[in-house]
$ cat work20.json   # JSON, C-alpha atoms and all ligand atoms
[["chain", "number", "residue", "atom", "x", "y", "z"],
["A", 930, "MET", "CA", -2.85, 21.73, -3.29],
["A", 931, "LYS", "CA", -5.75, 19.85, -1.79],
["A", 932, "TYR", "CA", -5.81, 16.08, -1.92],
["A", 933, "GLU", "CA", -8.97, 14.03, -2.17],
["A", 934, "LEU", "CA", -9.98, 10.52, -1.22],
["A", 935, "PRO", "CA", -9.90, 8.53, -4.46],
["A", 936, "ALA", "CA", -12.99, 6.49, -5.28],
["A", 937, "LEU", "CA", -12.50, 2.84, -4.49],
["A", 938, "GLY", "CA", -13.73, 1.92, -7.96],
["A", 939, "TYR", "CA", -15.52, -1.22, -6.76],
["A", 940, "ASP", "CA", -18.00, -2.29, -4.09],
["A", 941, "PHE", "CA", -16.90, -2.69, -0.49],
["A", 942, "ALA", "CA", -18.05, -6.30, -0.73],
["A", 943, "ALA", "CA", -16.15, -7.03, -3.95],
["A", 944, "LEU", "CA", -13.21, -8.68, -2.19],
["A", 945, "GLU", "CA", -15.36, -11.00, -0.07],
["A", 946, "PRO", "CA", -14.80, -13.55, 1.36],
["A", 947, "HIS", "CA", -11.10, -12.74, 1.67],
["A", 948, "ILE", "CA", -11.49, -9.10, 2.72],
["A", 949, "ASP", "CA", -14.85, -8.31, 4.30],
["A", 950, "ALA", "CA", -17.04, -5.38, 3.30],
["A", 951, "GLN", "CA", -17.06, -3.75, 6.73],
["A", 952, "THR", "CA", -13.27, -3.69, 6.86],
["A", 953, "MET", "CA", -13.14, -2.13, 3.38],
["A", 954, "GLN", "CA", -15.74, 0.48, 4.28],
["A", 955, "ILE", "CA", -13.94, 1.60, 7.43],
["A", 956, "HIS", "CA", -10.50, 1.27, 5.88],
["A", 957, "HIS", "CA", -11.33, 3.39, 2.85],
["A", 958, "GLY", "CA", -13.96, 5.74, 4.25],
["A", 959, "LYS", "CA", -12.49, 6.39, 7.70],
["A", 960, "HIS", "CA", -8.78, 5.53, 7.79],
["A", 961, "HIS", "CA", -7.83, 6.69, 4.31],
["A", 962, "GLN", "CA", -10.11, 9.73, 4.59],
["A", 963, "ALA", "CA", -8.35, 10.70, 7.83],
["A", 964, "TYR", "CA", -4.93, 10.53, 6.15],
["A", 965, "VAL", "CA", -6.22, 12.81, 3.38],
["A", 966, "ASN", "CA", -7.75, 15.28, 5.86],
["A", 967, "ASN", "CA", -4.63, 15.40, 8.02],
["A", 968, "LEU", "CA", -2.37, 15.80, 4.99],
["A", 969, "ASN", "CA", -4.46, 18.72, 3.74],
["A", 970, "ALA", "CA", -4.48, 20.32, 7.19],
["A", 971, "ALA", "CA", -0.68, 20.12, 7.33],
["A", 972, "LEU", "CA", -0.24, 21.55, 3.83],
["A", 973, "GLU", "CA", -2.55, 24.46, 4.64],
["A", 974, "LYS", "CA", 0.22, 25.73, 6.92],
["A", 975, "HIS", "CA", 2.53, 25.98, 3.91],
["A", 976, "PRO", "CA", 0.58, 27.25, 0.89],
["A", 977, "GLU", "CA", 3.93, 27.97, -0.80],
["A", 978, "ILE", "CA", 4.55, 24.25, -1.35],
["A", 979, "THR", "CA", 3.97, 23.24, -4.95],
["A", 980, "MET", "CA", 5.83, 19.93, -5.09],
["A", 981, "PRO", "CA", 3.67, 16.90, -5.73],
["A", 982, "LEU", "CA", 3.20, 14.41, -2.92],
["A", 983, "GLU", "CA", 5.38, 11.77, -4.59],
["A", 984, "GLN", "CA", 8.30, 14.16, -4.61],
["A", 985, "MET", "CA", 7.81, 15.14, -0.98],
["A", 986, "LEU", "CA", 7.73, 11.50, 0.07],
["A", 987, "HIS", "CA", 10.84, 10.76, -1.98],
["A", 988, "ASP", "CA", 12.74, 13.65, -0.39],
["A", 989, "LEU", "CA", 11.23, 14.34, 3.02],
["A", 990, "SER", "CA", 14.16, 16.59, 3.92],
["A", 991, "ALA", "CA", 12.75, 19.11, 1.43],
["A", 992, "VAL", "CA", 9.51, 19.34, 3.42],
["A", 993, "PRO", "CA", 9.35, 22.09, 6.08],
["A", 994, "GLU", "CA", 10.28, 20.62, 9.42],
["A", 995, "ASP", "CA", 7.07, 21.61, 11.20],
["A", 996, "ILE", "CA", 4.95, 19.46, 8.89],
["A", 997, "ARG", "CA", 7.50, 16.81, 7.90],
["A", 998, "GLY", "CA", 6.11, 14.22, 10.31],
["A", 999, "ALA", "CA", 2.55, 14.90, 9.21],
["A", 1000, "VAL", "CA", 3.49, 14.58, 5.54],
["A", 1001, "ARG", "CA", 5.46, 11.42, 6.19],
["A", 1002, "ASN", "CA", 2.62, 9.75, 8.12],
["A", 1003, "ASN", "CA", -0.50, 11.15, 6.47],
["A", 1004, "GLY", "CA", 0.90, 11.81, 3.02],
["A", 1005, "GLY", "CA", 2.43, 8.34, 3.15],
["A", 1006, "GLY", "CA", -0.90, 6.95, 4.33],
["A", 1007, "HIS", "CA", -2.69, 8.59, 1.41],
["A", 1008, "TYR", "CA", -0.12, 7.43, -1.12],
["A", 1009, "ASN", "CA", 0.08, 3.85, 0.18],
["A", 1010, "HIS", "CA", -3.67, 3.35, 0.37],
["A", 1011, "ALA", "CA", -4.37, 4.84, -3.06],
["A", 1012, "PHE", "CA", -1.88, 2.28, -4.38],
["A", 1013, "PHE", "CA", -3.34, -0.56, -2.31],
["A", 1014, "TRP", "CA", -6.93, -0.15, -3.57],
["A", 1015, "LYS", "CA", -5.78, -0.37, -7.17],
["A", 1016, "ILE", "CA", -3.81, -3.58, -6.85],
["A", 1017, "MET", "CA", -6.86, -5.30, -5.35],
["A", 1018, "ALA", "CA", -9.30, -4.12, -8.04],
["A", 1019, "PRO", "CA", -11.51, -7.08, -8.98],
["A", 1020, "GLY", "CA", -10.98, -8.65, -12.39],
["A", 1021, "GLY", "CA", -7.69, -9.11, -14.14],
["A", 1022, "SER", "CA", -5.42, -12.11, -13.92],
["A", 1023, "ASN", "CA", -5.29, -14.05, -10.66],
["A", 1024, "GLN", "CA", -1.69, -15.05, -11.27],
["A", 1025, "PRO", "CA", 1.48, -13.38, -12.54],
["A", 1026, "VAL", "CA", 1.55, -12.47, -16.20],
["A", 1027, "GLY", "CA", 3.95, -11.07, -18.77],
["A", 1028, "GLU", "CA", 7.31, -9.56, -17.91],
["A", 1029, "LEU", "CA", 6.57, -9.60, -14.20],
["A", 1030, "LYS", "CA", 5.90, -13.35, -14.34],
["A", 1031, "THR", "CA", 9.26, -13.87, -16.04],
["A", 1032, "ALA", "CA", 10.98, -11.76, -13.38],
["A", 1033, "ILE", "CA", 9.22, -13.56, -10.50],
["A", 1034, "ASP", "CA", 10.12, -16.93, -11.99],
["A", 1035, "ALA", "CA", 13.74, -15.78, -12.10],
["A", 1036, "MET", "CA", 13.50, -14.98, -8.37],
["A", 1037, "GLY", "CA", 12.32, -18.51, -7.59],
["A", 1038, "GLY", "CA", 8.65, -18.39, -8.53],
["A", 1039, "LEU", "CA", 5.36, -17.24, -7.09],
["A", 1040, "GLU", "CA", 5.32, -19.49, -4.03],
["A", 1041, "SER", "CA", 8.74, -18.24, -3.03],
["A", 1042, "LEU", "CA", 7.62, -14.64, -3.54],
["A", 1043, "LYS", "CA", 4.54, -15.20, -1.37],
["A", 1044, "GLU", "CA", 6.72, -16.67, 1.38],
["A", 1045, "LYS", "CA", 9.05, -13.67, 1.28],
["A", 1046, "VAL", "CA", 6.27, -11.07, 1.28],
["A", 1047, "ASN", "CA", 4.33, -12.87, 4.01],
["A", 1048, "ALA", "CA", 7.47, -13.20, 6.12],
["A", 1049, "ALA", "CA", 8.16, -9.48, 5.66],
["A", 1050, "GLY", "CA", 4.58, -8.70, 6.70],
["A", 1051, "VAL", "CA", 4.53, -11.02, 9.70],
["A", 1052, "GLY", "CA", 7.98, -9.82, 10.74],
["A", 1053, "ARG", "CA", 6.99, -6.16, 10.75],
["A", 1054, "PHE", "CA", 6.56, -5.39, 14.45],
["A", 1055, "GLY", "CA", 3.59, -3.12, 15.04],
["A", 1056, "SER", "CA", 2.20, -1.45, 11.93],
["A", 1057, "GLY", "CA", 3.47, -1.13, 8.41],
["A", 1058, "TRP", "CA", 3.59, -2.62, 4.96],
["A", 1059, "ALA", "CA", 5.26, -5.43, 3.02],
["A", 1060, "TRP", "CA", 6.30, -4.61, -0.53],
["A", 1061, "LEU", "CA", 7.63, -5.98, -3.76],
["A", 1062, "ILE", "CA", 9.67, -3.11, -5.15],
["A", 1063, "VAL", "CA", 11.87, -2.25, -8.09],
["A", 1064, "LYS", "CA", 15.02, -0.36, -7.28],
["A", 1065, "ASP", "CA", 17.76, 0.26, -9.83],
["A", 1066, "GLY", "CA", 16.01, -2.19, -12.15],
["A", 1067, "ALA", "CA", 15.98, -5.08, -9.63],
["A", 1068, "LEU", "CA", 13.03, -6.63, -7.79],
["A", 1069, "SER", "CA", 13.17, -7.16, -4.05],
["A", 1070, "VAL", "CA", 10.92, -7.67, -1.05],
["A", 1071, "VAL", "CA", 11.06, -5.15, 1.79],
["A", 1072, "SER", "CA", 8.87, -3.90, 4.58],
["A", 1073, "THR", "CA", 8.33, -0.37, 5.85],
["A", 1074, "ALA", "CA", 7.16, 0.86, 9.25],
["A", 1075, "ASN", "CA", 3.97, 2.84, 9.81],
["A", 1076, "GLN", "CA", 3.09, 4.71, 6.59],
["A", 1077, "ASP", "CA", 6.62, 4.95, 5.23],
["A", 1078, "THR", "CA", 6.63, 4.47, 1.47],
["A", 1079, "PRO", "CA", 8.97, 2.82, -1.03],
["A", 1080, "LEU", "CA", 9.49, 6.31, -2.48],
["A", 1081, "GLU", "CA", 11.77, 7.27, 0.36],
["A", 1082, "LEU", "CA", 13.88, 4.21, -0.44],
["A", 1083, "GLY", "CA", 14.23, 5.52, -3.98],
["A", 1084, "ALA", "CA", 12.13, 2.57, -5.14],
["A", 1085, "LYS", "CA", 8.86, 2.00, -6.95],
["A", 1086, "ALA", "CA", 6.20, -0.34, -5.63],
["A", 1087, "ILE", "CA", 4.91, -3.25, -7.68],
["A", 1088, "LEU", "CA", 2.89, -4.84, -4.87],
["A", 1089, "GLY", "CA", 2.19, -3.69, -1.34],
["A", 1090, "VAL", "CA", 0.15, -5.19, 1.45],
["A", 1091, "ASP", "CA", -1.10, -3.26, 4.45],
["A", 1092, "VAL", "CA", -0.33, -5.10, 7.69],
["A", 1093, "TRP", "CA", -1.84, -2.54, 10.06],
["A", 1094, "GLU", "CA", -4.40, -4.25, 12.29],
["A", 1095, "HIS", "CA", -7.12, -2.02, 10.80],
["A", 1096, "ALA", "CA", -6.63, -3.90, 7.52],
["A", 1097, "TYR", "CA", -7.64, -7.27, 8.95],
["A", 1098, "TYR", "CA", -8.68, -7.22, 12.61],
["A", 1099, "LEU", "CA", -12.48, -7.48, 12.15],
["A", 1100, "LYS", "CA", -12.22, -10.70, 10.18],
["A", 1101, "TYR", "CA", -8.88, -12.18, 11.20],
["A", 1102, "GLN", "CA", -8.42, -10.66, 14.70],
["A", 1103, "ASN", "CA", -4.77, -11.15, 15.69],
["A", 1104, "LEU", "CA", -4.08, -13.67, 12.91],
["A", 1105, "ARG", "CA", -1.96, -11.58, 10.56],
["A", 1106, "PRO", "CA", -0.53, -14.69, 8.82],
["A", 1107, "LYS", "CA", -4.04, -15.90, 7.92],
["A", 1108, "TYR", "CA", -4.93, -12.49, 6.51],
["A", 1109, "LEU", "CA", -1.74, -12.43, 4.43],
["A", 1110, "GLU", "CA", -2.40, -15.91, 3.11],
["A", 1111, "ALA", "CA", -5.96, -14.96, 2.07],
["A", 1112, "TRP", "CA", -4.91, -11.58, 0.69],
["A", 1113, "TRP", "CA", -3.15, -13.11, -2.33],
["A", 1114, "ASN", "CA", -6.58, -14.17, -3.61],
["A", 1115, "VAL", "CA", -7.51, -10.54, -4.28],
["A", 1116, "VAL", "CA", -4.34, -9.44, -6.06],
["A", 1117, "ASN", "CA", -4.96, -8.12, -9.58],
["A", 1118, "TRP", "CA", -1.88, -9.26, -11.49],
["A", 1119, "ASP", "CA", -2.69, -7.22, -14.58],
["A", 1120, "VAL", "CA", -2.27, -4.08, -12.46],
["A", 1121, "LEU", "CA", 1.00, -5.43, -11.05],
["A", 1122, "GLU", "CA", 2.30, -6.11, -14.56],
["A", 1123, "ALA", "CA", 1.50, -2.51, -15.52],
["A", 1124, "ASN", "CA", 3.24, -1.30, -12.34],
["A", 1125, "TYR", "CA", 6.30, -3.36, -13.24],
["A", 1126, "LYS", "CA", 6.47, -2.10, -16.80],
["A", 1127, "SER", "CA", 6.28, 1.53, -15.69],
["A", 1128, "ALA", "CA", 8.76, 1.02, -12.83],
["A", 1129, "LYS", "CA", 11.55, -0.68, -14.76],
["B", 1, "MN3", "MN", -4.46, 0.83, 6.10]]
$ encode --input "work20.json" --output "structure tokens"
Amino acid sequence: MKYELPALGYDFAALEPHIDAQTMQIHHGKHHQAYVNNLNAALEKHPEITMPLEQMLHDLSAVPEDIRGAVRNNGGGHYNHAFFWKIMAPGGSNQPVGELKTAIDAMGGLESLKEKVNAAGVGRFGSGWAWLIVKDGALSVVSTANQDTPLELGAKAILGVDVWEHAYYLKYQNLRPKYLEAWWNVVNWDVLEANYKSAK
């Protein structure tokens, strides 16, 4: 199976001023495209594989050893970025809504959630992601290294923020905390609510 770069669905400049157009263009068109290309190149070595990417990422031990690392890194990169673009799609509510709002309030509210996610993102040494996940029906904040996904934790992502330098360096340079603070302005909470409803 050949994977393709999903369309962004909005203009590179749509998340300005919080996320600049040049970063979006390179992030989507170069970084994400490279993950897709490398994933496809790895899978070409094993045309017998029919499992969908989500299943491979959930159970990496089922992936042939010679391409397991490539699937983990590049398949994870494809999966994580496809998710990331959607939760930043312009429009939608700019604050929590519905069942997810109720659940976030029960965890201590939005400000507390932001603090936890930002701390997870700042605390991730090197490259990775900070996530709000649902596992066994419960919400929690975690971070993953590199392109590791919540799927391998047996969890589903509600929110995820890319803390690789390529996600913010042009505009924020080394200031990951400033990027994380600004990033909340582009979160589409209607998409998160839909993620939560399907994950529960
Ligand atoms: Mn990235």
$ residues_around --input "work20.json" --residues "A:Trp1113" --least-positions-apart "6" --cutoff "12 Å" --atoms "all atoms listed in the file" --output "PDB file with C-alpha atoms, keeping the file's coordinate frame"
ATOM      1  CA  LEU A 944     -13.210  -8.680  -2.190  1.00  0.00           C
ATOM      2  CA  HIS A 947     -11.100 -12.740   1.670  1.00  0.00           C
ATOM      3  CA  ILE A 948     -11.490  -9.100   2.720  1.00  0.00           C
ATOM      4  CA  ILE A1016      -3.810  -3.580  -6.850  1.00  0.00           C
ATOM      5  CA  MET A1017      -6.860  -5.300  -5.350  1.00  0.00           C
ATOM      6  CA  SER A1022      -5.420 -12.110 -13.920  1.00  0.00           C
ATOM      7  CA  ASN A1023      -5.290 -14.050 -10.660  1.00  0.00           C
ATOM      8  CA  GLN A1024      -1.690 -15.050 -11.270  1.00  0.00           C
ATOM      9  CA  PRO A1025       1.480 -13.380 -12.540  1.00  0.00           C
ATOM     10  CA  LEU A1039       5.360 -17.240  -7.090  1.00  0.00           C
ATOM     11  CA  GLU A1040       5.320 -19.490  -4.030  1.00  0.00           C
ATOM     12  CA  LEU A1042       7.620 -14.640  -3.540  1.00  0.00           C
ATOM     13  CA  LYS A1043       4.540 -15.200  -1.370  1.00  0.00           C
ATOM     14  CA  GLU A1044       6.720 -16.670   1.380  1.00  0.00           C
ATOM     15  CA  VAL A1046       6.270 -11.070   1.280  1.00  0.00           C
ATOM     16  CA  ASN A1047       4.330 -12.870   4.010  1.00  0.00           C
ATOM     17  CA  LEU A1088       2.890  -4.840  -4.870  1.00  0.00           C
ATOM     18  CA  GLY A1089       2.190  -3.690  -1.340  1.00  0.00           C
ATOM     19  CA  VAL A1090       0.150  -5.190   1.450  1.00  0.00           C
ATOM     20  CA  PRO A1106      -0.530 -14.690   8.820  1.00  0.00           C
ATOM     21  CA  LYS A1107      -4.040 -15.900   7.920  1.00  0.00           C
TER      22      LYS A1107
END
$ closest_atom_pairs --input "work20.json" --of "chain A" --to "ligand MN3 1 (chain B)" --cutoff "12 Å" --atoms "all atoms listed in the file" --output "Markdown table"
| residue | atom | partner | partner_atom | distance |
| --- | --- | --- | --- | --- |
| A:Thr952 | CA | B:MN3_1 | MN | 9.9 |
| A:Met953 | CA | B:MN3_1 | MN | 9.6 |
| A:Gln954 | CA | B:MN3_1 | MN | 11.4 |
| A:Ile955 | CA | B:MN3_1 | MN | 9.6 |
| A:His956 | CA | B:MN3_1 | MN | 6.1 |
| A:His957 | CA | B:MN3_1 | MN | 8.0 |
| A:Gly958 | CA | B:MN3_1 | MN | 10.9 |
| A:Lys959 | CA | B:MN3_1 | MN | 9.9 |
| A:His960 | CA | B:MN3_1 | MN | 6.6 |
| A:His961 | CA | B:MN3_1 | MN | 7.0 |
| A:Gln962 | CA | B:MN3_1 | MN | 10.6 |
| A:Ala963 | CA | B:MN3_1 | MN | 10.7 |
| A:Tyr964 | CA | B:MN3_1 | MN | 9.7 |
| A:Asn1002 | CA | B:MN3_1 | MN | 11.6 |
| A:Asn1003 | CA | B:MN3_1 | MN | 11.1 |
| A:Gly1005 | CA | B:MN3_1 | MN | 10.6 |
| A:Gly1006 | CA | B:MN3_1 | MN | 7.3 |
| A:His1007 | CA | B:MN3_1 | MN | 9.2 |
| A:Tyr1008 | CA | B:MN3_1 | MN | 10.7 |
| A:Asn1009 | CA | B:MN3_1 | MN | 8.0 |
| A:His1010 | CA | B:MN3_1 | MN | 6.3 |
| A:Ala1011 | CA | B:MN3_1 | MN | 10.0 |
| A:Phe1012 | CA | B:MN3_1 | MN | 10.9 |
| A:Phe1013 | CA | B:MN3_1 | MN | 8.6 |
| A:Trp1014 | CA | B:MN3_1 | MN | 10.0 |
| A:Ser1056 | CA | B:MN3_1 | MN | 9.1 |
| A:Gly1057 | CA | B:MN3_1 | MN | 8.5 |
| A:Trp1058 | CA | B:MN3_1 | MN | 8.8 |
| A:Ala1059 | CA | B:MN3_1 | MN | 12.0 |
| A:Asn1075 | CA | B:MN3_1 | MN | 9.4 |
| A:Gln1076 | CA | B:MN3_1 | MN | 8.5 |
| A:Asp1077 | CA | B:MN3_1 | MN | 11.9 |
| A:Gly1089 | CA | B:MN3_1 | MN | 11.0 |
| A:Val1090 | CA | B:MN3_1 | MN | 8.9 |
| A:Asp1091 | CA | B:MN3_1 | MN | 5.5 |
| A:Val1092 | CA | B:MN3_1 | MN | 7.4 |
| A:Trp1093 | CA | B:MN3_1 | MN | 5.8 |
| A:Glu1094 | CA | B:MN3_1 | MN | 8.0 |
| A:His1095 | CA | B:MN3_1 | MN | 6.1 |
| A:Ala1096 | CA | B:MN3_1 | MN | 5.4 |
| A:Tyr1097 | CA | B:MN3_1 | MN | 9.2 |
| A:Tyr1098 | CA | B:MN3_1 | MN | 11.2 |
$ atom_distance --input "work20.json" --atom1 "atom CA of A:Ser1127" --atom2 "atom CA of A:Ala1074"
25.0 Å
$ residues_around --input "work20.json" --residues "A:Ala1035" --least-positions-apart "6" --cutoff "12 Å" --atoms "all atoms listed in the file" --output "ChimeraX atom specification"
/A:1028-1029,1041-1042,1067-1069
$ write_last_selection --input "work20.json" --atoms "C-alpha atoms" --output "PDB file, in the frame of the given file"
ATOM      1  CA  GLU A1028       7.310  -9.560 -17.910  1.00  0.00           C
ATOM      2  CA  LEU A1029       6.570  -9.600 -14.200  1.00  0.00           C
ATOM      3  CA  SER A1041       8.740 -18.240  -3.030  1.00  0.00           C
ATOM      4  CA  LEU A1042       7.620 -14.640  -3.540  1.00  0.00           C
ATOM      5  CA  ALA A1067      15.980  -5.080  -9.630  1.00  0.00           C
ATOM      6  CA  LEU A1068      13.030  -6.630  -7.790  1.00  0.00           C
ATOM      7  CA  SER A1069      13.170  -7.160  -4.050  1.00  0.00           C
TER       8      SER A1069
END
$ atom_distance --input "work20.json" --atom1 "atom CA of A:Asn966" --atom2 "atom CA of A:Gly1004"
9.7 Å
$ residues_around --input "work20.json" --residues "A:Tyr1125" --least-positions-apart "3" --cutoff "6 Å" --atoms "all atoms listed in the file" --output "JSON, numbers by chain"
{"A": [1087, 1122, 1128]}
$ write_last_selection --input "work20.json" --atoms "C-alpha atoms" --output "PDB file, keeping the file's coordinate frame"
ATOM      1  CA  ILE A1087       4.910  -3.250  -7.680  1.00  0.00           C
ATOM      2  CA  GLU A1122       2.300  -6.110 -14.560  1.00  0.00           C
ATOM      3  CA  ALA A1128       8.760   1.020 -12.830  1.00  0.00           C
TER       4      ALA A1128
END
$ atom_distance --input "work20.json" --atom1 "atom CA of A:Gly1027" --atom2 "atom CA of A:Ala1111"
23.4 Å
$ residues_around --input "work20.json" --residues "A:Lys1064" --least-positions-apart "2" --cutoff "10 Å" --atoms "all atoms listed in the file" --output "list of chain:residue names"
A:Leu1061, A:Ile1062, A:Gly1066, A:Ala1067, A:Leu1068, A:Ser1069, A:Pro1079, A:Leu1080, A:Leu1082, A:Gly1083, A:Ala1084, A:Lys1085, A:Ala1086, A:Ala1128, A:Lys1129
$ write_last_selection --input "work20.json" --atoms "C-alpha atoms" --output "short mmCIF file (atom, residue, chain, number, x, y, z; two decimals), in the frame of the given file"
data_model
loop_
_atom_site.label_atom_id
_atom_site.label_comp_id
_atom_site.auth_asym_id
_atom_site.auth_seq_id
_atom_site.Cartn_x
_atom_site.Cartn_y
_atom_site.Cartn_z
CA LEU A 1061 7.63 -5.98 -3.76
CA ILE A 1062 9.67 -3.11 -5.15
CA GLY A 1066 16.01 -2.19 -12.15
CA ALA A 1067 15.98 -5.08 -9.63
CA LEU A 1068 13.03 -6.63 -7.79
CA SER A 1069 13.17 -7.16 -4.05
CA PRO A 1079 8.97 2.82 -1.03
CA LEU A 1080 9.49 6.31 -2.48
CA LEU A 1082 13.88 4.21 -0.44
CA GLY A 1083 14.23 5.52 -3.98
CA ALA A 1084 12.13 2.57 -5.14
CA LYS A 1085 8.86 2.00 -6.95
CA ALA A 1086 6.20 -0.34 -5.63
CA ALA A 1128 8.76 1.02 -12.83
CA LYS A 1129 11.55 -0.68 -14.76
#
$ closest_residue --input "work20.json" --among "A:Pro935, A:Arg1105, A:Val1026, A:Thr1031" --to "A:Phe1054" --atoms "only C-alpha atoms"
A:Arg1105
$ closest_residue --input "work20.json" --among "A:Lys1126, A:Ala999, A:Tyr1108, A:His987" --to "A:Gly1050" --atoms "only C-alpha atoms"
A:Tyr1108
$ closest_residue --input "work20.json" --among "A:Leu986, A:Val1071, A:Val1063, A:Ile1033" --to "A:Trp1118" --atoms "all atoms listed in the file"
A:Ile1033
$ residues_around --input "work20.json" --residues "stretch 973-984 of chain A" --least-positions-apart "6" --cutoff "10 Å" --atoms "all atoms listed in the file" --output "mmCIF file with C-alpha atoms, in the coordinates of the input"
data_model
loop_
_atom_site.group_PDB
_atom_site.id
_atom_site.type_symbol
_atom_site.label_atom_id
_atom_site.label_comp_id
_atom_site.auth_asym_id
_atom_site.auth_seq_id
_atom_site.Cartn_x
_atom_site.Cartn_y
_atom_site.Cartn_z
ATOM 1 C CA MET A 930 -2.850 21.730 -3.290
ATOM 2 C CA LYS A 931 -5.750 19.850 -1.790
ATOM 3 C CA TYR A 932 -5.810 16.080 -1.920
ATOM 4 C CA ASN A 967 -4.630 15.400 8.020
ATOM 5 C CA ALA A 991 12.750 19.110 1.430
ATOM 6 C CA VAL A 992 9.510 19.340 3.420
ATOM 7 C CA PRO A 993 9.350 22.090 6.080
ATOM 8 C CA ASP A 995 7.070 21.610 11.200
ATOM 9 C CA ILE A 996 4.950 19.460 8.890
ATOM 10 C CA VAL A 1000 3.490 14.580 5.540
ATOM 11 C CA ARG A 1001 5.460 11.420 6.190
ATOM 12 C CA GLY A 1004 0.900 11.810 3.020
ATOM 13 C CA GLY A 1005 2.430 8.340 3.150
ATOM 14 C CA HIS A 1007 -2.690 8.590 1.410
ATOM 15 C CA TYR A 1008 -0.120 7.430 -1.120
ATOM 16 C CA THR A 1078 6.630 4.470 1.470
ATOM 17 C CA LEU A 1080 9.490 6.310 -2.480
ATOM 18 C CA GLU A 1081 11.770 7.270 0.360
#
$ build_atoms --input "work20.json" --residues "stretch 942-947 of chain A" --atoms "all heavy atoms" --output "compact mmCIF listing (two decimals), keeping the file's coordinate frame"
# COMPACT_ATOMS: atom_id res chain seq x y z
N ALA A 942 -17.93 -4.85 -0.88
CA ALA A 942 -18.05 -6.30 -0.73
C ALA A 942 -17.34 -7.08 -1.84
O ALA A 942 -17.34 -8.31 -1.83
CB ALA A 942 -19.52 -6.70 -0.71
N ALA A 943 -16.70 -6.37 -2.76
CA ALA A 943 -16.15 -7.03 -3.95
C ALA A 943 -15.01 -7.99 -3.65
O ALA A 943 -14.72 -8.87 -4.45
CB ALA A 943 -15.69 -5.98 -4.96
N LEU A 944 -14.36 -7.83 -2.50
CA LEU A 944 -13.21 -8.68 -2.19
C LEU A 944 -13.57 -9.80 -1.21
O LEU A 944 -12.70 -10.53 -0.74
CB LEU A 944 -12.06 -7.84 -1.64
CG LEU A 944 -11.66 -6.63 -2.51
CD1 LEU A 944 -10.53 -5.84 -1.86
CD2 LEU A 944 -11.26 -7.06 -3.91
N GLU A 945 -14.87 -9.90 -0.91
CA GLU A 945 -15.36 -11.00 -0.07
C GLU A 945 -15.07 -12.33 -0.79
O GLU A 945 -15.12 -12.36 -2.01
CB GLU A 945 -16.87 -10.87 0.15
CG GLU A 945 -17.29 -9.63 0.94
CD GLU A 945 -17.55 -9.95 2.42
OE1 GLU A 945 -17.17 -11.06 2.87
OE2 GLU A 945 -18.12 -9.09 3.10
N PRO A 946 -14.83 -13.41 -0.10
CA PRO A 946 -14.80 -13.55 1.36
C PRO A 946 -13.44 -13.24 1.98
O PRO A 946 -13.28 -13.33 3.19
CB PRO A 946 -15.12 -15.05 1.55
CG PRO A 946 -14.46 -15.70 0.38
CD PRO A 946 -14.61 -14.72 -0.77
N HIS A 947 -12.47 -12.87 1.15
CA HIS A 947 -11.10 -12.74 1.67
C HIS A 947 -10.93 -11.47 2.50
O HIS A 947 -10.30 -11.47 3.55
CB HIS A 947 -10.11 -12.79 0.52
CG HIS A 947 -10.32 -13.97 -0.35
ND1 HIS A 947 -10.08 -15.26 0.09
CD2 HIS A 947 -10.82 -14.09 -1.62
CE1 HIS A 947 -10.40 -16.12 -0.87
NE2 HIS A 947 -10.85 -15.42 -1.92
